[in-house]
file run23.txt (compact mmCIF, C-alpha atoms)
# COMPACT_ATOMS: atom_id res chain seq x y z
CA MET A 1 -114.66 40.07 58.45
CA THR A 2 -117.77 38.75 60.13
CA VAL A 3 -117.93 37.49 63.66
CA THR A 4 -118.13 33.89 62.46
CA ASP A 5 -115.00 34.31 60.33
CA ARG A 6 -112.91 35.43 63.27
CA PRO A 7 -112.17 32.04 64.89
CA ASN A 8 -111.21 30.56 61.53
CA ALA A 9 -108.86 33.47 60.88
CA THR A 10 -107.26 32.98 64.29
CA HIS A 11 -106.94 29.24 63.72
CA ARG A 12 -105.31 29.92 60.37
CA HIS A 13 -102.98 32.42 61.97
CA VAL A 14 -101.87 29.87 64.60
CA ARG A 15 -101.39 27.26 61.90
CA GLU A 16 -99.29 29.57 59.75
CA ARG A 17 -97.12 30.52 62.70
CA VAL A 18 -96.53 26.90 63.70
CA ARG A 19 -95.90 25.91 60.11
CA ALA A 20 -93.33 28.67 59.65
CA ILE A 21 -91.41 27.57 62.74
CA VAL A 22 -91.58 23.90 61.78
CA ALA A 23 -90.53 24.62 58.18
CA ARG A 24 -87.47 26.54 59.41
CA ASP A 25 -86.35 23.67 61.59
CA LEU A 26 -87.58 20.59 59.73
CA LYS A 27 -84.97 17.95 59.09
CA PRO A 28 -85.13 14.15 59.06
CA VAL A 29 -84.82 12.49 62.44
CA ARG A 30 -84.24 8.86 63.25
CA PRO A 31 -86.91 7.49 65.59
CA LEU A 32 -85.73 6.29 68.97
CA LEU A 33 -85.22 2.59 69.48
CA ALA A 34 -88.04 0.81 71.28
CA PRO A 35 -87.60 0.68 75.09
CA GLY A 36 -86.73 -3.02 74.97
CA ARG A 37 -83.89 -2.45 72.53
CA ARG A 38 -82.58 0.49 74.53
CA LEU A 39 -82.62 -1.78 77.56
CA LEU A 40 -80.45 -4.26 75.65
CA LEU A 41 -77.99 -1.43 74.97
CA LEU A 42 -77.78 -0.82 78.70
CA ALA A 43 -77.38 -4.49 79.61
CA PRO A 44 -73.54 -4.51 79.43
CA ILE A 45 -73.31 -1.54 81.80
CA ALA A 46 -75.88 -3.22 84.07
CA ILE A 47 -73.79 -6.40 84.12
CA ALA A 48 -70.69 -4.37 84.93
CA ALA A 49 -72.54 -2.59 87.76
CA GLY A 50 -73.61 -5.95 89.16
CA VAL A 51 -70.31 -7.83 89.02
CA PHE A 52 -67.82 -5.01 89.60
CA ALA A 53 -67.92 -5.07 93.41
CA PRO A 54 -67.74 -8.86 93.97
CA ILE A 55 -64.89 -9.17 91.47
CA VAL A 56 -62.86 -6.15 92.57
CA TYR A 57 -63.54 -6.22 96.34
CA GLY A 58 -64.02 -9.96 96.77
CA HIS A 59 -67.24 -11.65 97.82
CA ARG A 60 -68.89 -13.41 100.71
CA ASP A 61 -68.21 -16.92 101.71
CA VAL A 62 -70.62 -18.93 99.58
CA ASP A 63 -70.38 -21.84 102.03
CA HIS A 64 -72.27 -19.89 104.69
CA LEU A 65 -74.89 -18.30 102.50
CA GLY A 66 -75.24 -21.03 99.91
CA VAL A 67 -75.48 -20.38 96.20
CA PHE A 68 -79.07 -19.19 96.52
CA GLY A 69 -78.36 -16.82 99.41
CA SER A 70 -75.35 -15.26 97.71
CA TRP A 71 -75.30 -15.25 93.91
CA GLY A 72 -78.92 -16.39 93.62
CA LEU A 73 -80.36 -13.46 95.54
CA SER A 74 -77.96 -11.09 93.82
CA ALA A 75 -79.06 -12.34 90.41
CA PHE A 76 -82.69 -11.88 91.49
CA GLU A 77 -81.97 -8.33 92.67
CA TRP A 78 -80.11 -7.61 89.42
CA ILE A 79 -83.07 -8.79 87.33
CA VAL A 80 -85.41 -6.61 89.38
CA GLY A 81 -83.07 -3.65 88.81
CA LEU A 82 -83.19 -4.29 85.10
CA LEU A 83 -86.99 -4.47 85.21
CA ILE A 84 -87.15 -1.11 87.00
CA LEU A 85 -84.94 0.28 84.26
CA ALA A 86 -87.32 -1.15 81.66
CA VAL A 87 -90.21 0.59 83.42
CA ALA A 88 -88.25 3.87 83.41
CA LEU A 89 -87.45 3.64 79.70
CA ARG A 90 -90.99 2.76 78.82
CA HIS A 91 -92.48 5.46 81.02
CA ALA A 92 -90.15 7.97 79.35
CA VAL A 93 -91.90 7.64 75.98
CA PRO A 94 -94.93 9.96 75.84
CA GLY A 95 -98.17 8.01 75.61
CA ARG A 96 -96.50 4.75 76.66
CA GLY A 97 -96.44 5.42 80.40
CA VAL A 98 -97.25 2.57 82.74
CA SER A 99 -100.29 2.75 85.01
CA ARG A 100 -100.17 4.51 88.34
CA ARG A 101 -100.75 1.21 90.12
CA PHE A 102 -97.80 -0.35 88.34
CA LEU A 103 -95.62 2.63 89.21
CA ILE A 104 -96.56 2.46 92.87
CA ALA A 105 -95.88 -1.30 92.85
CA THR A 106 -92.43 -0.59 91.37
CA LEU A 107 -91.62 2.17 93.83
CA VAL A 108 -92.81 0.11 96.81
CA GLY A 109 -91.51 -3.19 95.47
CA ALA A 110 -87.87 -2.07 95.21
CA PRO A 111 -87.47 -1.22 98.93
CA ALA A 112 -89.49 -4.33 99.83
CA LEU A 113 -87.07 -6.43 97.80
CA ILE A 114 -84.06 -4.88 99.55
CA LEU A 115 -85.74 -5.57 102.90
CA LEU A 116 -86.42 -9.19 101.95
CA VAL A 117 -82.87 -9.79 100.72
CA THR A 118 -81.52 -8.20 103.90
CA ILE A 119 -83.65 -10.40 106.16
CA VAL A 120 -82.78 -13.58 104.27
CA THR A 121 -79.06 -12.75 104.27
CA TYR A 122 -79.03 -11.85 107.96
CA ALA A 123 -80.94 -15.01 108.85
CA ALA A 124 -78.38 -17.15 107.01
CA GLU A 125 -75.28 -15.31 108.14
CA PRO A 126 -75.68 -12.66 110.86
CA ILE A 127 -72.66 -10.37 110.88
CA GLU A 128 -72.71 -7.11 112.85
CA VAL A 129 -70.67 -3.99 112.18
CA PRO A 130 -67.36 -4.13 114.11
CA ALA A 131 -67.55 -1.93 117.24
CA GLY A 132 -66.57 1.68 116.70
CA LEU A 133 -66.52 1.38 112.92
CA ALA A 134 -70.21 1.94 112.18
CA TRP A 135 -69.70 5.41 110.70
CA ARG A 136 -66.75 4.31 108.55
CA TYR A 137 -68.70 1.33 107.24
CA TRP A 138 -71.67 3.58 106.56
CA ILE A 139 -69.61 5.99 104.49
CA GLU A 140 -67.97 3.19 102.48
CA CYS A 141 -71.30 1.50 101.79
CA VAL A 142 -72.91 4.73 100.59
CA LYS A 143 -69.95 6.02 98.63
CA TRP A 144 -69.02 2.90 96.64
CA PRO A 145 -72.47 1.77 95.48
CA MET A 146 -73.13 5.33 94.35
CA THR A 147 -69.84 5.45 92.49
CA ILE A 148 -70.46 2.09 90.83
CA ALA A 149 -74.01 3.11 89.88
CA ALA A 150 -73.02 6.54 88.53
CA PRO A 151 -72.18 5.48 84.93
CA MET A 152 -75.38 3.44 84.77
CA LEU A 153 -77.42 6.34 86.09
CA LEU A 154 -75.87 8.78 83.66
CA VAL A 155 -76.33 6.65 80.54
CA ALA A 156 -79.83 5.55 81.55
CA SER A 157 -80.89 9.14 82.27
CA VAL A 158 -79.59 10.37 78.93
CA LEU A 159 -81.32 7.53 77.06
CA ALA A 160 -84.56 8.13 78.94
CA MET A 161 -84.47 11.89 78.46
CA ARG A 162 -83.97 11.52 74.70
CA ALA A 163 -87.56 10.29 74.61
CA PHE A 164 -88.82 13.67 75.96
CA PRO A 165 -90.65 12.15 78.93
CA THR A 166 -93.77 13.91 80.11
CA ARG A 167 -92.74 13.34 83.75
CA PRO A 168 -88.97 13.75 83.71
CA GLY A 169 -88.52 13.83 87.49
CA LEU A 170 -90.27 10.52 87.96
CA VAL A 171 -88.42 8.90 85.06
CA GLY A 172 -85.11 10.14 86.47
CA ALA A 173 -85.99 8.80 89.91
CA LEU A 174 -86.78 5.41 88.38
CA CYS A 175 -83.44 5.43 86.53
CA GLY A 176 -81.67 6.24 89.81
CA LEU A 177 -83.58 3.55 91.66
CA ALA A 178 -82.72 1.00 88.98
CA ALA A 179 -79.04 1.98 89.00
CA GLY A 180 -79.02 1.72 92.79
CA VAL A 181 -80.62 -1.73 92.85
CA LEU A 182 -78.26 -2.98 90.10
CA ALA A 183 -75.19 -1.72 91.97
CA ASP A 184 -76.47 -3.11 95.28
CA SER A 185 -76.96 -6.55 93.73
CA GLY A 186 -73.16 -6.76 93.55
CA TRP A 187 -72.29 -4.64 96.56
CA ARG A 188 -74.26 -6.84 98.96
CA LEU A 189 -71.79 -9.62 98.14
CA ALA A 190 -68.77 -7.40 98.64
CA CYS A 191 -69.94 -5.92 101.95
CA GLU A 192 -69.05 -8.21 104.81
CA VAL A 193 -71.78 -6.89 107.15
CA SER A 194 -75.32 -8.26 107.03
CA ALA A 195 -76.89 -6.46 110.00
CA PRO A 196 -80.18 -4.89 108.87
CA SER A 197 -79.36 -1.60 110.61
CA HIS A 198 -76.27 -1.25 108.40
CA VAL A 199 -77.71 -2.68 105.18
CA LEU A 200 -80.92 -0.69 105.28
CA GLY A 201 -79.25 2.42 106.67
CA ALA A 202 -76.27 2.52 104.30
CA HIS A 203 -77.09 0.43 101.21
CA GLY A 204 -80.69 1.65 101.34
CA ALA A 205 -79.51 5.25 101.73
CA ALA A 206 -77.29 4.86 98.65
CA ILE A 207 -80.24 3.60 96.60
CA GLY A 208 -82.47 6.40 97.89
CA LEU A 209 -79.83 9.03 97.17
CA LEU A 210 -79.37 7.67 93.66
CA ALA A 211 -83.12 8.00 93.07
CA VAL A 212 -82.99 11.61 94.28
CA VAL A 213 -79.94 12.36 92.12
CA GLY A 214 -81.65 10.72 89.13
CA ALA A 215 -84.73 12.89 89.60
CA ALA A 216 -82.58 16.01 89.94
CA VAL A 217 -80.50 15.19 86.83
CA ALA A 218 -83.59 14.52 84.72
CA SER A 219 -85.33 17.67 85.95
CA ALA A 220 -82.21 19.71 85.22
CA ILE A 221 -81.94 18.29 81.69
CA ASP A 222 -85.63 19.07 81.16
CA ALA A 223 -85.26 22.62 82.48
CA ILE A 224 -82.20 23.29 80.30
CA ARG A 225 -84.02 21.95 77.27
CA ARG A 226 -86.98 24.27 77.84
CA MET A 227 -84.81 27.38 78.20
CA MET B 1 -96.09 10.70 61.19
CA VAL B 2 -93.27 8.55 59.81
CA ALA B 3 -93.07 10.81 56.72
CA TYR B 4 -92.99 13.82 59.05
CA GLN B 5 -90.11 12.22 60.94
CA ARG B 6 -88.34 11.88 57.59
CA GLY B 7 -88.60 15.64 57.13
CA ASP B 8 -91.65 15.94 54.88
CA LEU B 9 -93.39 19.30 55.41
CA ASP B 10 -96.53 18.19 53.55
CA ALA B 11 -96.80 15.31 55.97
CA PHE B 12 -96.65 17.83 58.81
CA ASP B 13 -99.50 19.79 57.19
CA LEU B 14 -101.63 16.66 57.04
CA PHE B 15 -100.69 15.78 60.57
CA TYR B 16 -101.65 19.28 61.75
CA LEU B 17 -104.95 19.28 59.89
CA ALA B 18 -105.88 15.87 61.25
CA LEU B 19 -105.09 16.65 64.86
CA GLU B 20 -105.67 20.38 65.27
CA PRO B 21 -109.47 20.25 65.80
CA GLU B 22 -109.38 17.52 68.42
CA LEU B 23 -106.35 18.99 70.20
CA ARG B 24 -108.09 22.37 70.25
CA GLY B 25 -111.14 20.68 71.76
CA PHE B 26 -108.96 18.87 74.30
CA LEU B 27 -107.32 22.13 75.39
CA ARG B 28 -110.56 24.11 75.29
CA ALA B 29 -112.15 21.61 77.67
CA ARG B 30 -109.41 22.40 80.17
CA CYS B 31 -108.88 26.10 79.54
CA HIS B 32 -111.83 28.24 78.55
CA ASP B 33 -109.91 31.24 77.30
CA ALA B 34 -109.67 31.15 73.49
CA GLN B 35 -106.41 33.14 73.44
CA ARG B 36 -104.74 30.75 75.83
CA VAL B 37 -106.04 27.79 73.88
CA ASP B 38 -104.30 29.24 70.81
CA ASP B 39 -101.06 29.67 72.74
CA LEU B 40 -101.27 26.18 74.22
CA LEU B 41 -102.09 24.67 70.85
CA GLN B 42 -99.09 26.37 69.30
CA GLU B 43 -96.88 25.24 72.19
CA THR B 44 -98.22 21.67 71.88
CA PHE B 45 -97.37 21.46 68.19
CA LEU B 46 -93.94 22.94 68.77
CA GLN B 47 -93.33 20.44 71.57
CA ILE B 48 -94.50 17.65 69.26
CA HIS B 49 -92.05 18.94 66.68
CA ARG B 50 -89.16 19.04 69.14
CA SER B 51 -89.84 15.53 70.42
CA ARG B 52 -90.86 13.95 67.11
CA ARG B 53 -88.07 11.41 67.31
CA SER B 54 -89.68 9.92 70.42
CA TYR B 55 -92.67 8.70 68.43
CA LEU B 56 -92.16 4.98 67.85
CA PRO B 57 -93.29 4.01 64.33
CA GLY B 58 -96.04 1.41 64.27
CA LEU B 59 -97.69 2.61 67.46
CA PRO B 60 -100.86 4.74 67.53
CA VAL B 61 -100.10 8.45 67.22
CA ARG B 62 -102.89 9.82 69.38
CA PRO B 63 -101.74 8.57 72.82
CA TRP B 64 -98.33 10.08 72.08
CA VAL B 65 -99.82 13.40 70.97
CA TYR B 66 -102.25 13.63 73.90
CA ALA B 67 -99.53 12.82 76.41
CA ILE B 68 -97.56 15.79 75.06
CA ALA B 69 -100.62 18.07 75.04
CA LYS B 70 -101.39 17.11 78.63
CA ARG B 71 -97.82 17.86 79.65
CA VAL B 72 -97.93 21.27 77.92
CA PHE B 73 -101.16 22.08 79.75
CA LEU B 74 -99.75 20.97 83.12
CA MET B 75 -96.61 23.06 82.60
CA TYR B 76 -98.81 26.02 81.76
CA LEU B 77 -100.85 25.51 84.94
CA ARG B 78 -97.69 25.29 87.02
CA ARG B 79 -96.36 28.49 85.45
CA VAL B 80 -99.61 30.35 86.06
CA ARG B 81 -99.74 29.26 89.70
CA ARG B 82 -96.13 30.28 90.22
CA HIS B 83 -96.64 33.73 88.76
CA GLU B 84 -100.11 34.37 90.13
CA SER B 85 -99.11 35.54 93.61
CA ARG B 86 -96.19 37.62 92.31
CA GLU B 87 -98.46 39.22 89.76
CA THR B 88 -101.02 40.30 92.33
CA THR B 89 -98.29 42.16 94.18
CA GLU B 90 -97.05 43.80 90.99
CA LEU B 91 -100.53 44.94 90.04
CA SER B 92 -101.14 46.64 93.37
CA SER B 93 -98.01 48.71 92.87
CA VAL B 94 -98.74 49.87 89.33
CA PRO B 95 -97.72 53.55 89.18
CA GLU B 96 -99.27 56.18 86.96
CA PRO B 97 -98.67 54.59 83.56
CA GLU B 98 -97.62 56.57 80.52
CA VAL B 99 -100.65 56.35 78.29
CA PRO B 100 -100.87 57.91 74.80
CA ALA B 101 -102.37 61.40 74.69
CA ALA B 102 -105.50 60.23 72.95
CA ALA B 103 -106.34 58.14 75.93
CA ASP B 104 -105.56 60.81 78.51
CA ARG B 105 -109.20 61.29 79.33
CA LEU B 106 -109.40 57.65 80.28
CA THR B 107 -106.40 57.54 82.52
CA ASP B 108 -108.10 57.25 85.77
CA ARG B 109 -105.60 55.05 87.59
CA SER B 110 -108.23 52.93 89.27
CA ALA B 111 -110.00 52.36 85.95
CA LEU B 112 -106.74 51.21 84.42
CA VAL B 113 -105.94 48.86 87.29
CA SER B 114 -109.48 47.55 87.22
CA ALA B 115 -109.27 46.97 83.45
CA LEU B 116 -105.92 45.25 83.87
CA ARG B 117 -107.52 42.84 86.28
CA HIS B 118 -109.88 41.74 83.51
CA VAL B 119 -107.05 40.95 81.14
CA PRO B 120 -106.02 37.25 81.24
CA ALA B 121 -103.04 36.68 83.53
CA ASP B 122 -100.66 35.50 80.78
CA GLY B 123 -101.31 38.50 78.56
CA ARG B 124 -101.30 40.95 81.46
CA ARG B 125 -97.90 39.76 82.54
CA ALA B 126 -96.39 40.05 79.08
CA PHE B 127 -98.05 43.47 78.63
CA LEU B 128 -96.78 44.84 81.94
CA LEU B 129 -93.29 43.50 81.42
CA HIS B 130 -93.10 45.16 78.02
CA HIS B 131 -94.97 48.44 78.48
CA TRP B 132 -94.30 49.11 82.12
CA ARG B 133 -90.96 47.44 82.81
CA GLY B 134 -89.69 48.12 79.30
CA LEU B 135 -88.35 44.60 78.71
CA SER B 136 -87.83 43.36 75.18
CA PHE B 137 -89.94 40.45 73.96
CA ARG B 138 -86.84 38.29 73.93
CA ASP B 139 -86.26 39.05 77.63
CA ILE B 140 -89.93 38.49 78.42
CA ALA B 141 -89.85 35.17 76.58
CA ALA B 142 -86.81 34.07 78.56
CA ARG B 143 -88.47 35.11 81.80
CA LEU B 144 -91.77 33.38 81.11
CA GLY B 145 -90.29 30.32 79.45
CA ILE B 146 -92.10 30.87 76.14
CA ALA B 147 -91.10 31.78 72.58
CA PRO B 148 -90.52 35.51 71.80
CA GLY B 149 -93.34 35.34 69.24
CA ALA B 150 -95.71 34.06 71.90
CA ALA B 151 -94.66 36.88 74.26
CA LYS B 152 -95.34 39.46 71.58
CA LEU B 153 -98.68 37.89 70.77
CA ARG B 154 -99.75 37.82 74.41
CA SER B 155 -98.78 41.43 74.95
CA SER B 156 -100.54 42.49 71.78
CA ARG B 157 -103.72 40.64 72.74
CA ALA B 158 -103.63 42.08 76.24
CA SER B 159 -103.17 45.52 74.75
CA SER B 160 -106.21 45.09 72.47
CA ARG B 161 -108.28 43.75 75.32
CA LEU B 162 -107.24 46.60 77.58
CA ARG B 163 -108.02 49.17 74.92
CA ARG B 164 -111.45 47.63 74.42
CA LEU B 165 -112.15 47.52 78.15
CA LEU B 166 -111.10 51.13 78.65
CA ARG B 167 -113.15 52.21 75.68
CA ASP B 168 -116.21 50.39 77.05
CA ASP B 169 -115.56 51.90 80.43
CA ALA B 170 -115.36 55.40 78.96
CA GLY B 171 -118.56 54.73 77.03
CA ASP B 172 -120.35 53.76 80.22
CA ASP B 173 -119.14 56.94 81.92
CA ARG B 174 -120.46 59.11 79.08
CA ASP B 175 -123.83 57.36 79.26
call {"tool": "encode", "arguments": {"input": "run23.txt", "output": "structure tokens"}}
result
Amino acid sequence: MTVTDRPNATHRHVRERVRAIVARDLKPVRPLLAPGRRLLLLAPIAIAAGVFAPIVYGHRDVDHLGVFGSWGLSAFEWIVGLLILAVALRHAVPGRGVSRRFLIATLVGAPALILLVTIVTYAAEPIEVPAGLAWRYWIECVKWPMTIAAPMLLVASVLAMRAFPTRPGLVGALCGLAAGVLADSGWRLACEVSAPSHVLGAHGAAIGLLAVVGAAVASAIDAIRRM
Amino acid sequence: MVAYQRGDLDAFDLFYLALEPELRGFLRARCHDAQRVDDLLQETFLQIHRSRRSYLPGLPVRPWVYAIAKRVFLMYLRRVRRHESRETTELSSVPEPEVPAAADRLTDRSALVSALRHVPADGRRAFLLHHWRGLSFRDIAARLGIAPGAAKLRSSRASSRLRRLLRDDAGDDRD
């Protein structure tokens, strides 16, 4: 073998090794659905996450907030949640990731939206936390949105991870953020308090925690898969 | 790619032949060690194989392939950084290794340690885990997060490199 033959021999060796492994494991696979169609699959769960709290726990007095301030803002928040989910599903597919600028806009836009909704709601109907019950309200408003969002987060994470994302942690965080925003779109109507300290501190914490849990779940799935 | 998704091995061959040169170039531009490029290329194609269902028919193949190659390279970098500090500590505590009799004249401990330092980190780790710690390639693979075949290959390449370095070193001494 001459010196010039050596790289070709190595290349052939790599190729043969890869081919042998692929040949052992090769079976037909059905391509994933496009992100838009997977989003449609998730829409029923997203609707359930949005309407569960107002239906089960009751909802605010529409007379005070008006249709726009109550259901209108919730519908807007729900649509934004769905859009974040669309970003997550799209970003999960290798080579189809959204730009960094778009990602930053999504990650900054979600908290900004919550802040805006909180301010508008408080301006229309300022209700403080009853004295001495701040901690109890905080726990309820972290626990329930997280519980309502859990099925959404789980299904969305599994769907996203099936695409073998190149940045699983980020995709998981986006799924968690989306699930949190979707659940909050309904929970804000069920929660009787509109004080920003409570809404941002409790509802916001639930959304943040869901993003963290989403990132952890996705990273864990990725780590298990690579073992 | 669609035929490959349907389970056609010939389609995989065509796919490999079409993409191997440019993927090799892509990896070589980021990692200048030919052995590592081979490992990364193999890992990239295996990752492509595992995630082949995530390719959406009708879309260009290359962005999908390059996104996977980039991810494989980043994972490799992360692994190297994680093991680098631990490896330095391990190297400094290398005891008198058991070297075959034929090489006894070369077994100056400092020469061996010095030669080991010139072996690429990936290969050195696999080599030490196998020949010094006595781990099986399956265990090494599990520990390094690679396939057993890749662990064996790395150890074997490190061994050849080490042998060559020690031989050169001995040649220099004789001169």
call {"tool": "closest_atom_pairs", "arguments": {"input": "run23.txt", "of": "stretch 68-175 of chain A", "to": "stretch 45-64 of chain A", "cutoff": "7 Å", "atoms": "all atoms listed in the file", "output": "CSV"}}
result
residue,atom,partner,partner_atom,distance
A:Ser70,CA,A:Val62,CA,6.3
A:Trp78,CA,A:Gly50,CA,6.7
A:Glu125,CA,A:His64,CA,6.5
A:Ile148,CA,A:Ala49,CA,6.0
A:Ala149,CA,A:Ala49,CA,6.3
A:Met152,CA,A:Ile45,CA,6.2
call {"tool": "write_last_selection", "arguments": {"input": "run23.txt", "atoms": "C-alpha atoms", "output": "PDB file, in the coordinates of the input"}}
result
ATOM      1  CA  SER A  70     -75.350 -15.260  97.710  1.00  0.00           C
ATOM      2  CA  TRP A  78     -80.110  -7.610  89.420  1.00  0.00           C
ATOM      3  CA  GLU A 125     -75.280 -15.310 108.140  1.00  0.00           C
ATOM      4  CA  ILE A 148     -70.460   2.090  90.830  1.00  0.00           C
ATOM      5  CA  ALA A 149     -74.010   3.110  89.880  1.00  0.00           C
ATOM      6  CA  MET A 152     -75.380   3.440  84.770  1.00  0.00           C
TER       7      MET A 152
END
call {"tool": "closest_atom_pairs", "arguments": {"input": "run23.txt", "of": "chain A", "to": "chain B", "cutoff": "10 Å", "atoms": "only C-alpha atoms", "output": "Markdown table"}}
result
| residue | atom | partner | partner_atom | distance |
| --- | --- | --- | --- | --- |
| A:Pro7 | CA | B:Ala34 | CA | 9.0 |
| A:Thr10 | CA | B:Asp38 | CA | 8.1 |
| A:His11 | CA | B:Asp38 | CA | 7.6 |
| A:His13 | CA | B:Asp38 | CA | 9.5 |
| A:Val14 | CA | B:Gln42 | CA | 6.5 |
| A:Arg15 | CA | B:Gln42 | CA | 7.8 |
| A:Arg17 | CA | B:Gln42 | CA | 8.0 |
| A:Val18 | CA | B:Gln42 | CA | 6.2 |
| A:Arg19 | CA | B:Asp13 | CA | 7.7 |
| A:Ile21 | CA | B:Leu46 | CA | 8.0 |
| A:Val22 | CA | B:His49 | CA | 7.0 |
| A:Ala23 | CA | B:Leu9 | CA | 6.6 |
| A:Asp25 | CA | B:His49 | CA | 9.0 |
| A:Leu26 | CA | B:Gly7 | CA | 5.7 |
| A:Lys27 | CA | B:Gly7 | CA | 4.7 |
| A:Pro28 | CA | B:Arg6 | CA | 4.2 |
| A:Val29 | CA | B:Gln5 | CA | 5.5 |
| A:Arg30 | CA | B:Arg53 | CA | 6.1 |
| A:Pro31 | CA | B:Arg53 | CA | 4.4 |
| A:Leu32 | CA | B:Ser54 | CA | 5.6 |
| A:Leu33 | CA | B:Leu56 | CA | 7.5 |
| A:Ala34 | CA | B:Leu56 | CA | 6.8 |
| A:Pro35 | CA | B:Leu56 | CA | 9.6 |
| A:Ala92 | CA | B:Ser54 | CA | 9.2 |
| A:Val93 | CA | B:Ser54 | CA | 6.4 |
| A:Pro94 | CA | B:Trp64 | CA | 5.1 |
| A:Gly95 | CA | B:Trp64 | CA | 4.1 |
| A:Arg96 | CA | B:Trp64 | CA | 7.3 |
| A:Gly97 | CA | B:Ala67 | CA | 9.0 |
| A:Met161 | CA | B:Ser54 | CA | 9.8 |
| A:Arg162 | CA | B:Ser54 | CA | 7.3 |
| A:Ala163 | CA | B:Ser54 | CA | 4.7 |
| A:Phe164 | CA | B:Ser51 | CA | 5.9 |
| A:Pro165 | CA | B:Ile68 | CA | 8.7 |
| A:Thr166 | CA | B:Arg71 | CA | 5.7 |
| A:Arg167 | CA | B:Arg71 | CA | 7.9 |
| A:Ala223 | CA | B:Gly145 | CA | 9.7 |
| A:Arg226 | CA | B:Gly145 | CA | 7.1 |
| A:Met227 | CA | B:Gly145 | CA | 6.3 |
call {"tool": "residues_around", "arguments": {"input": "run23.txt", "residues": "A:Leu107", "least_positions_apart": "5", "cutoff": "9 Å", "atoms": "only C-alpha atoms", "output": "CSV table (one decimal) with C-alpha atoms, in the coordinates of the input"}}
result
chain,number,residue,atom,x,y,z
A,84,ILE,CA,-87.2,-1.1,87.0
A,102,PHE,CA,-97.8,-0.4,88.3
A,174,LEU,CA,-86.8,5.4,88.4
A,177,LEU,CA,-83.6,3.6,91.7
call {"tool": "closest_residue", "arguments": {"input": "run23.txt", "among": "A:Arg100, A:Leu182, A:Glu192, A:Ala173", "to": "A:Ala216", "atoms": "all atoms listed in the file"}}
result
A:Ala173
call {"tool": "atom_distance", "arguments": {"input": "run23.txt", "atom1": "atom CA of A:Leu115", "atom2": "atom CA of A:Ala88"}}
result
21.8 Å
call {"tool": "closest_residue", "arguments": {"input": "run23.txt", "among": "A:Ala9, A:Ile221, A:Val142, A:Asp184", "to": "A:Leu159", "atoms": "all atoms listed in the file"}}
result
A:Ile221
call {"tool": "atom_distance", "arguments": {"input": "run23.txt", "atom1": "atom CA of B:Leu23", "atom2": "atom CA of B:Leu162"}}
result
28.6 Å
call {"tool": "closest_residue", "arguments": {"input": "run23.txt", "among": "B:Arg138, B:Ala158, B:Glu22, B:Phe73", "to": "B:Ala121", "atoms": "all atoms listed in the file"}}
result
B:Ala158
call {"tool": "residues_around", "arguments": {"input": "run23.txt", "residues": "A:Leu200", "least_positions_apart": "5", "cutoff": "8 Å", "atoms": "all atoms listed in the file", "output": "number ranges by chain"}}
result
A: 114-115, 118, 205
call {"tool": "atom_distance", "arguments": {"input": "run23.txt", "atom1": "atom CA of A:Tyr122", "atom2": "atom CA of A:Gly204"}}
result
15.1 Å
call {"tool": "closest_residue", "arguments": {"input": "run23.txt", "among": "A:Leu103, A:Leu83, A:Val155, A:Val120", "to": "A:Phe68", "atoms": "only C-alpha atoms"}}
result
A:Val120
call {"tool": "residues_around", "arguments": {"input": "run23.txt", "residues": "A:Ala206", "least_positions_apart": "2", "cutoff": "8 Å", "atoms": "all atoms listed in the file", "output": "list of chain:residue names"}}
result
A:Cys141, A:Val142, A:Lys143, A:Pro145, A:Met146, A:Gly180, A:Ala202, A:His203, A:Gly204, A:Gly208, A:Leu209, A:Leu210
call {"tool": "write_last_selection", "arguments": {"input": "run23.txt", "atoms": "C-alpha atoms", "output": "short mmCIF file (atom, residue, chain, number, x, y, z; two decimals), in the coordinates of the input"}}
result
data_model
loop_
_atom_site.label_atom_id
_atom_site.label_comp_id
_atom_site.auth_asym_id
_atom_site.auth_seq_id
_atom_site.Cartn_x
_atom_site.Cartn_y
_atom_site.Cartn_z
CA CYS A 141 -71.30 1.50 101.79
CA VAL A 142 -72.91 4.73 100.59
CA LYS A 143 -69.95 6.02 98.63
CA PRO A 145 -72.47 1.77 95.48
CA MET A 146 -73.13 5.33 94.35
CA GLY A 180 -79.02 1.72 92.79
CA ALA A 202 -76.27 2.52 104.30
CA HIS A 203 -77.09 0.43 101.21
CA GLY A 204 -80.69 1.65 101.34
CA GLY A 208 -82.47 6.40 97.89
CA LEU A 209 -79.83 9.03 97.17
CA LEU A 210 -79.37 7.67 93.66
#
call {"tool": "axis_aligned_box", "arguments": {"input": "run23.txt", "around": "stretch 114-119 of chain A", "padding_each_side": "3 Å", "output": "JSON"}}
result
{"center_x": -84.0, "center_y": -7.6, "center_z": 102.9, "size_x": 10.9, "size_y": 11.5, "size_z": 12.6}
call {"tool": "closest_residue", "arguments": {"input": "run23.txt", "among": "A:Val212, A:Leu65, A:Ala183, A:Ile224", "to": "A:Ile79", "atoms": "only C-alpha atoms"}}
result
A:Ala183
call {"tool": "decode", "arguments": {"input": "run23.txt", "residues": "stretch 53-64 of chain A", "atoms": "C-alpha atoms", "output": "compact mmCIF listing (two decimals), in the first residue's frame"}}
result
# COMPACT_ATOMS: atom_id res chain seq x y z
CA ALA A 53 -59.74 25.90 34.71
CA PRO A 54 -62.52 28.39 33.80
CA ILE A 55 -65.01 25.55 33.35
CA VAL A 56 -64.07 23.50 36.42
CA TYR A 57 -63.17 26.31 38.86
CA GLY A 58 -65.47 29.01 37.51
CA HIS A 59 -64.37 32.26 35.92
CA ARG A 60 -64.12 35.96 36.54
CA ASP A 61 -66.99 38.32 36.34
CA VAL A 62 -67.08 39.30 32.67
CA ASP A 63 -69.02 42.46 33.56
CA HIS A 64 -65.97 43.98 35.26
